[in-house]
Amino acid sequence: MSRAQTMKASYAASVFINCPFDDQYRPMLFAAVFAILDCGYQPRCAQEVEDGGDVRIEKIRRIIEACKFGIHDISRTELSEGNALPRFNMPFELGIFLGARYFGQGDQAKKLTLIVDRERFRYQQFLSDIAGQDIQAHNEDPIVLIALVRNWLANATKRTTIPGAARVQDRYRQFQADLPALCEEMALDQGDLLFNEYATITSIWLRQAEALTV
């Protein structure tokens, strides 16, 4: 599959992203989306469909079911200002994904997971049940996260057509420089890009960049 392909991906090419969706995390989410697309896979997340008639947990379950791969960021543990409670959505969705792998059959039992946090062993203070799993640290740096995602996909799939981490990082920097003009051309506000809009723009850019290298 082309790195810039935008058609509906198969189970084996779909990557579920479980992460915060606030403005602070936005650069990290978009960096992960870029890395996934540049590696030839299709990013999926709860933001891809907004349907007021859909039960959120059912939507998440369907997306998880449709994805062989899952990226789970458990770094958001801060207490909210309003009620002094943390958000447990990310660990909860990680549990659903791991449960699908452990108790599922066929393709579901073949799911592969990347778990990331700000610091590698910080999770031991709040989610010790996953001790023994290989938790990666992104240091809240989008460039670092891109390398983690790329290397994980390369190791998990053994594909030889995935570009190196440095190449994906360089292309991401180029894309970031071009993004304002792309948004202007498409009459979109860069600061308010939706998940699907960003994925579409990224796919277009990657397709054009790929054509230039042929």
# chains A, B, ... in the order shown; residues from 1 in each chain; ligands from 1

call {"tool": "select_by_dssp", "arguments": {"residues": "range 37-92 of chain A", "states": "alpha helix (DSSP H)", "output": "list in words"}}
result
Leu37, Asp38, Arg56, Ile57, Glu58, Lys59, Ile60, Arg61, Arg62, Ile63, Ile64, Glu65, Asn89, Met90, Pro91 and Phe92 of chain A

call {"tool": "write_last_selection", "arguments": {"atoms": "all heavy atoms", "output": "short mmCIF file (atom, residue, chain, number, x, y, z; two decimals), in the first residue's frame"}}
result
data_model
loop_
_atom_site.label_atom_id
_atom_site.label_comp_id
_atom_site.auth_asym_id
_atom_site.auth_seq_id
_atom_site.Cartn_x
_atom_site.Cartn_y
_atom_site.Cartn_z
N LEU A 37 0.65 7.40 8.53
CA LEU A 37 0.40 7.51 7.10
C LEU A 37 1.68 7.36 6.28
O LEU A 37 1.69 6.70 5.23
CB LEU A 37 -0.27 8.85 6.80
CG LEU A 37 -1.73 8.98 7.20
CD1 LEU A 37 -2.20 10.44 7.13
CD2 LEU A 37 -2.62 8.11 6.32
N ASP A 38 2.77 7.96 6.75
CA ASP A 38 4.02 7.88 6.01
C ASP A 38 4.58 6.46 6.00
O ASP A 38 5.34 6.08 5.10
CB ASP A 38 5.05 8.84 6.59
CG ASP A 38 6.16 9.17 5.61
OD1 ASP A 38 6.00 8.87 4.41
OD2 ASP A 38 7.19 9.72 6.03
N ARG A 56 -20.76 6.35 22.44
CA ARG A 56 -19.32 6.51 22.26
C ARG A 56 -18.56 5.21 22.47
O ARG A 56 -17.68 4.87 21.68
CB ARG A 56 -18.80 7.58 23.24
CG ARG A 56 -17.28 7.77 23.16
CD ARG A 56 -16.80 8.82 24.13
NE ARG A 56 -15.35 8.85 24.19
CZ ARG A 56 -14.56 9.51 23.35
NH1 ARG A 56 -15.11 10.19 22.36
NH2 ARG A 56 -13.25 9.49 23.46
N ILE A 57 -18.88 4.46 23.51
CA ILE A 57 -18.12 3.25 23.78
C ILE A 57 -18.33 2.23 22.68
O ILE A 57 -17.42 1.46 22.35
CB ILE A 57 -18.50 2.66 25.16
CG1 ILE A 57 -17.55 1.52 25.53
CG2 ILE A 57 -19.94 2.18 25.17
CD1 ILE A 57 -16.10 1.92 25.62
N GLU A 58 -19.51 2.21 22.06
CA GLU A 58 -19.74 1.29 20.95
C GLU A 58 -18.92 1.70 19.73
O GLU A 58 -18.41 0.85 19.00
CB GLU A 58 -21.23 1.25 20.61
CG GLU A 58 -22.05 0.40 21.55
CD GLU A 58 -21.56 -1.05 21.55
OE1 GLU A 58 -21.47 -1.65 20.47
OE2 GLU A 58 -21.26 -1.57 22.64
N LYS A 59 -18.80 3.01 19.51
CA LYS A 59 -17.97 3.49 18.40
C LYS A 59 -16.51 3.08 18.61
O LYS A 59 -15.84 2.59 17.70
CB LYS A 59 -18.08 5.01 18.29
CG LYS A 59 -17.14 5.62 17.26
CD LYS A 59 -17.41 7.11 17.09
CE LYS A 59 -17.09 7.91 18.32
NZ LYS A 59 -17.22 9.36 18.10
N ILE A 60 -16.02 3.28 19.84
CA ILE A 60 -14.64 2.90 20.15
C ILE A 60 -14.45 1.40 19.98
O ILE A 60 -13.44 0.94 19.44
CB ILE A 60 -14.28 3.36 21.57
CG1 ILE A 60 -14.23 4.89 21.63
CG2 ILE A 60 -12.94 2.76 22.01
CD1 ILE A 60 -14.11 5.45 23.03
N ARG A 61 -15.42 0.62 20.45
CA ARG A 61 -15.32 -0.83 20.32
C ARG A 61 -15.22 -1.25 18.87
O ARG A 61 -14.41 -2.12 18.51
CB ARG A 61 -16.53 -1.50 20.98
CG ARG A 61 -16.48 -3.03 20.93
CD ARG A 61 -17.83 -3.64 21.20
NE ARG A 61 -18.83 -3.26 20.20
CZ ARG A 61 -18.89 -3.75 18.98
NH1 ARG A 61 -18.01 -4.64 18.55
NH2 ARG A 61 -19.83 -3.35 18.13
N ARG A 62 -16.04 -0.63 18.00
CA ARG A 62 -16.02 -0.98 16.58
C ARG A 62 -14.66 -0.63 15.95
O ARG A 62 -14.13 -1.39 15.13
CB ARG A 62 -17.14 -0.25 15.84
CG ARG A 62 -18.53 -0.77 16.15
CD ARG A 62 -19.53 -0.26 15.13
NE ARG A 62 -19.55 1.19 15.05
CZ ARG A 62 -20.34 1.98 15.79
NH1 ARG A 62 -21.17 1.45 16.67
NH2 ARG A 62 -20.31 3.28 15.64
N ILE A 63 -14.12 0.53 16.32
CA ILE A 63 -12.84 0.94 15.75
C ILE A 63 -11.73 -0.01 16.22
O ILE A 63 -10.88 -0.44 15.43
CB ILE A 63 -12.51 2.39 16.12
CG1 ILE A 63 -13.54 3.34 15.52
CG2 ILE A 63 -11.11 2.77 15.63
CD1 ILE A 63 -13.39 4.78 15.96
N ILE A 64 -11.73 -0.33 17.50
CA ILE A 64 -10.74 -1.27 18.03
C ILE A 64 -10.84 -2.61 17.32
O ILE A 64 -9.83 -3.21 16.94
CB ILE A 64 -10.91 -1.43 19.55
CG1 ILE A 64 -10.45 -0.16 20.28
CG2 ILE A 64 -10.13 -2.64 20.06
CD1 ILE A 64 -10.68 -0.18 21.77
N GLU A 65 -12.04 -3.08 17.13
CA GLU A 65 -12.25 -4.35 16.45
C GLU A 65 -11.68 -4.34 15.03
O GLU A 65 -11.20 -5.35 14.53
CB GLU A 65 -13.74 -4.69 16.40
CG GLU A 65 -14.06 -6.04 15.80
CD GLU A 65 -15.54 -6.34 15.78
OE1 GLU A 65 -16.35 -5.40 15.96
OE2 GLU A 65 -15.91 -7.52 15.58
N ASN A 89 -10.00 7.56 30.57
CA ASN A 89 -10.38 7.06 29.25
C ASN A 89 -9.26 6.27 28.59
O ASN A 89 -9.50 5.21 27.99
CB ASN A 89 -10.80 8.22 28.34
CG ASN A 89 -12.16 8.77 28.71
OD1 ASN A 89 -12.84 8.23 29.57
ND2 ASN A 89 -12.54 9.86 28.08
N MET A 90 -8.03 6.79 28.65
CA MET A 90 -6.93 6.13 27.95
C MET A 90 -6.61 4.75 28.53
O MET A 90 -6.53 3.77 27.78
CB MET A 90 -5.68 7.02 27.92
CG MET A 90 -5.71 8.08 26.82
SD MET A 90 -7.00 9.35 27.07
CE MET A 90 -6.28 10.29 28.41
N PRO A 91 -6.44 4.62 29.86
CA PRO A 91 -6.23 3.26 30.41
C PRO A 91 -7.41 2.33 30.14
O PRO A 91 -7.22 1.12 29.91
CB PRO A 91 -6.04 3.51 31.91
CG PRO A 91 -5.56 4.92 32.00
CD PRO A 91 -6.27 5.64 30.90
N PHE A 92 -8.62 2.88 30.15
CA PHE A 92 -9.81 2.07 29.90
C PHE A 92 -9.79 1.51 28.47
O PHE A 92 -10.02 0.31 28.25
CB PHE A 92 -11.06 2.91 30.12
CG PHE A 92 -12.35 2.19 29.84
CD1 PHE A 92 -12.73 1.09 30.59
CD2 PHE A 92 -13.19 2.61 28.82
CE1 PHE A 92 -13.92 0.42 30.34
CE2 PHE A 92 -14.39 1.96 28.56
CZ PHE A 92 -14.74 0.85 29.32
#

call {"tool": "select_by_dssp", "arguments": {"residues": "range 23-200 of chain A", "states": "strand (DSSP E)", "output": "PDB file with N, CA and C atoms, in the first residue's frame"}}
result
ATOM      1  N   GLN A  42      -3.160   3.258   8.057  1.00  0.00           N
ATOM      2  CA  GLN A  42      -4.293   4.168   8.172  1.00  0.00           C
ATOM      3  C   GLN A  42      -4.603   4.444   9.643  1.00  0.00           C
ATOM      4  N   PRO A  43      -4.521   5.704  10.072  1.00  0.00           N
ATOM      5  CA  PRO A  43      -4.842   6.044  11.459  1.00  0.00           C
ATOM      6  C   PRO A  43      -6.349   6.047  11.692  1.00  0.00           C
ATOM      7  N   ARG A  44      -6.769   5.521  12.828  1.00  0.00           N
ATOM      8  CA  ARG A  44      -8.172   5.512  13.224  1.00  0.00           C
ATOM      9  C   ARG A  44      -8.272   6.036  14.656  1.00  0.00           C
ATOM     10  N   PHE A  69      -3.485  -2.847  14.883  1.00  0.00           N
ATOM     11  CA  PHE A  69      -2.488  -2.129  15.665  1.00  0.00           C
ATOM     12  C   PHE A  69      -3.156  -1.099  16.577  1.00  0.00           C
ATOM     13  N   GLY A  70      -2.527  -0.843  17.723  1.00  0.00           N
ATOM     14  CA  GLY A  70      -3.051   0.164  18.629  1.00  0.00           C
ATOM     15  C   GLY A  70      -1.936   0.940  19.299  1.00  0.00           C
ATOM     16  N   ILE A  71      -2.027   2.277  19.254  1.00  0.00           N
ATOM     17  CA  ILE A  71      -1.090   3.155  19.947  1.00  0.00           C
ATOM     18  C   ILE A  71      -1.835   3.768  21.129  1.00  0.00           C
ATOM     19  N   HIS A  72      -1.294   3.585  22.332  1.00  0.00           N
ATOM     20  CA  HIS A  72      -1.988   4.009  23.537  1.00  0.00           C
ATOM     21  C   HIS A  72      -1.083   4.928  24.354  1.00  0.00           C
ATOM     22  N   ASP A  73      -1.485   6.180  24.495  1.00  0.00           N
ATOM     23  CA  ASP A  73      -0.719   7.138  25.284  1.00  0.00           C
ATOM     24  C   ASP A  73      -1.381   7.284  26.649  1.00  0.00           C
ATOM     25  N   LEU A 112      -1.480  -5.915  17.941  1.00  0.00           N
ATOM     26  CA  LEU A 112      -0.171  -5.475  18.430  1.00  0.00           C
ATOM     27  C   LEU A 112      -0.301  -4.076  19.027  1.00  0.00           C
ATOM     28  N   THR A 113       0.440  -3.831  20.098  1.00  0.00           N
ATOM     29  CA  THR A 113       0.229  -2.626  20.888  1.00  0.00           C
ATOM     30  C   THR A 113       1.522  -1.855  21.129  1.00  0.00           C
ATOM     31  N   LEU A 114       1.436  -0.532  20.989  1.00  0.00           N
ATOM     32  CA  LEU A 114       2.502   0.369  21.422  1.00  0.00           C
ATOM     33  C   LEU A 114       1.935   1.215  22.554  1.00  0.00           C
ATOM     34  N   ILE A 115       2.550   1.136  23.732  1.00  0.00           N
ATOM     35  CA  ILE A 115       2.130   1.934  24.878  1.00  0.00           C
ATOM     36  C   ILE A 115       3.201   2.972  25.147  1.00  0.00           C
ATOM     37  N   VAL A 116       2.784   4.234  25.225  1.00  0.00           N
ATOM     38  CA  VAL A 116       3.745   5.320  25.438  1.00  0.00           C
ATOM     39  C   VAL A 116       3.328   6.168  26.642  1.00  0.00           C
ATOM     40  N   ASP A 117       4.336   6.776  27.243  1.00  0.00           N
ATOM     41  CA  ASP A 117       4.126   7.671  28.381  1.00  0.00           C
ATOM     42  C   ASP A 117       5.171   8.779  28.281  1.00  0.00           C
ATOM     43  N   ILE A 135       7.083  -0.250  27.860  1.00  0.00           N
ATOM     44  CA  ILE A 135       6.486   1.086  27.735  1.00  0.00           C
ATOM     45  C   ILE A 135       7.543   2.042  27.206  1.00  0.00           C
ATOM     46  N   GLN A 136       7.219   2.783  26.151  1.00  0.00           N
ATOM     47  CA  GLN A 136       8.160   3.705  25.528  1.00  0.00           C
ATOM     48  C   GLN A 136       7.901   5.143  25.996  1.00  0.00           C
ATOM     49  N   ALA A 137       8.955   5.935  26.085  1.00  0.00           N
ATOM     50  CA  ALA A 137       8.845   7.321  26.539  1.00  0.00           C
ATOM     51  C   ALA A 137       8.988   8.292  25.370  1.00  0.00           C
TER      52      ALA A 137
END

call {"tool": "closest_residue", "arguments": {"among": "A:Cys45, A:Ala156, A:Cys39, A:Ile143", "to": "Asn18 in chain A", "atoms": "only C-alpha atoms"}}
result
A:Cys45

call {"tool": "atom_distance", "arguments": {"atom1": "CA of Tyr198 in chain A", "atom2": "CA of Ile74 in chain A"}}
result
22.8 Å

call {"tool": "residues_around", "arguments": {"residues": "range 166-177 of chain A", "least_positions_apart": "6", "cutoff": "12 Å", "atoms": "only C-alpha atoms", "output": "PDB file with C-alpha atoms, in the first residue's frame"}}
result
ATOM      1  CA  ARG A   3       2.385   5.642   2.011  1.00  0.00           C
ATOM      2  CA  PRO A  27       0.739  18.317  18.132  1.00  0.00           C
ATOM      3  CA  PHE A  30      -1.010  14.935  14.544  1.00  0.00           C
ATOM      4  CA  ALA A  31       2.618  13.775  14.624  1.00  0.00           C
ATOM      5  CA  ALA A  32       1.417  10.203  15.223  1.00  0.00           C
ATOM      6  CA  VAL A  33      -1.071  10.518  12.353  1.00  0.00           C
ATOM      7  CA  PHE A  34       1.691  11.697  10.017  1.00  0.00           C
ATOM      8  CA  ALA A  35       4.018   8.855  11.018  1.00  0.00           C
ATOM      9  CA  ILE A  36       1.303   6.236  10.558  1.00  0.00           C
ATOM     10  CA  LEU A  37       0.396   7.514   7.096  1.00  0.00           C
ATOM     11  CA  ASP A  38       4.020   7.880   6.005  1.00  0.00           C
ATOM     12  CA  CYS A  39       4.637   4.275   7.022  1.00  0.00           C
ATOM     13  CA  GLY A  40       1.774   3.124   4.797  1.00  0.00           C
ATOM     14  CA  ASP A 141       8.156  15.603  21.939  1.00  0.00           C
ATOM     15  CA  PRO A 142       6.323  15.004  18.612  1.00  0.00           C
ATOM     16  CA  ILE A 143       9.598  14.235  16.829  1.00  0.00           C
ATOM     17  CA  VAL A 144      10.430  11.538  19.375  1.00  0.00           C
ATOM     18  CA  LEU A 145       6.926  10.089  19.070  1.00  0.00           C
ATOM     19  CA  ILE A 146       7.306   9.859  15.289  1.00  0.00           C
ATOM     20  CA  ALA A 147      10.418   7.701  15.716  1.00  0.00           C
ATOM     21  CA  LEU A 148       8.665   5.497  18.287  1.00  0.00           C
ATOM     22  CA  VAL A 149       5.694   4.919  15.994  1.00  0.00           C
ATOM     23  CA  ARG A 150       7.860   4.269  12.942  1.00  0.00           C
ATOM     24  CA  ASN A 151      10.206   1.868  14.718  1.00  0.00           C
ATOM     25  CA  CYS A 183      -4.562  25.082   4.727  1.00  0.00           C
ATOM     26  CA  GLN A 190      -4.761  25.375  10.693  1.00  0.00           C
ATOM     27  CA  TYR A 198      -5.561  16.704   8.919  1.00  0.00           C
ATOM     28  CA  ILE A 201      -4.092  17.033   3.969  1.00  0.00           C
ATOM     29  CA  THR A 202      -1.271  14.780   5.133  1.00  0.00           C
ATOM     30  CA  SER A 203      -2.201  12.112   2.592  1.00  0.00           C
ATOM     31  CA  ILE A 204      -2.281  14.664  -0.229  1.00  0.00           C
ATOM     32  CA  TRP A 205       1.112  16.054   0.765  1.00  0.00           C
ATOM     33  CA  LEU A 206       2.663  12.596   1.049  1.00  0.00           C
ATOM     34  CA  ARG A 207       1.271  11.590  -2.329  1.00  0.00           C
ATOM     35  CA  GLN A 208       2.751  14.707  -3.941  1.00  0.00           C
ATOM     36  CA  ALA A 209       6.082  14.223  -2.151  1.00  0.00           C
ATOM     37  CA  GLU A 210       6.183  10.592  -3.237  1.00  0.00           C
TER      38      GLU A 210
END
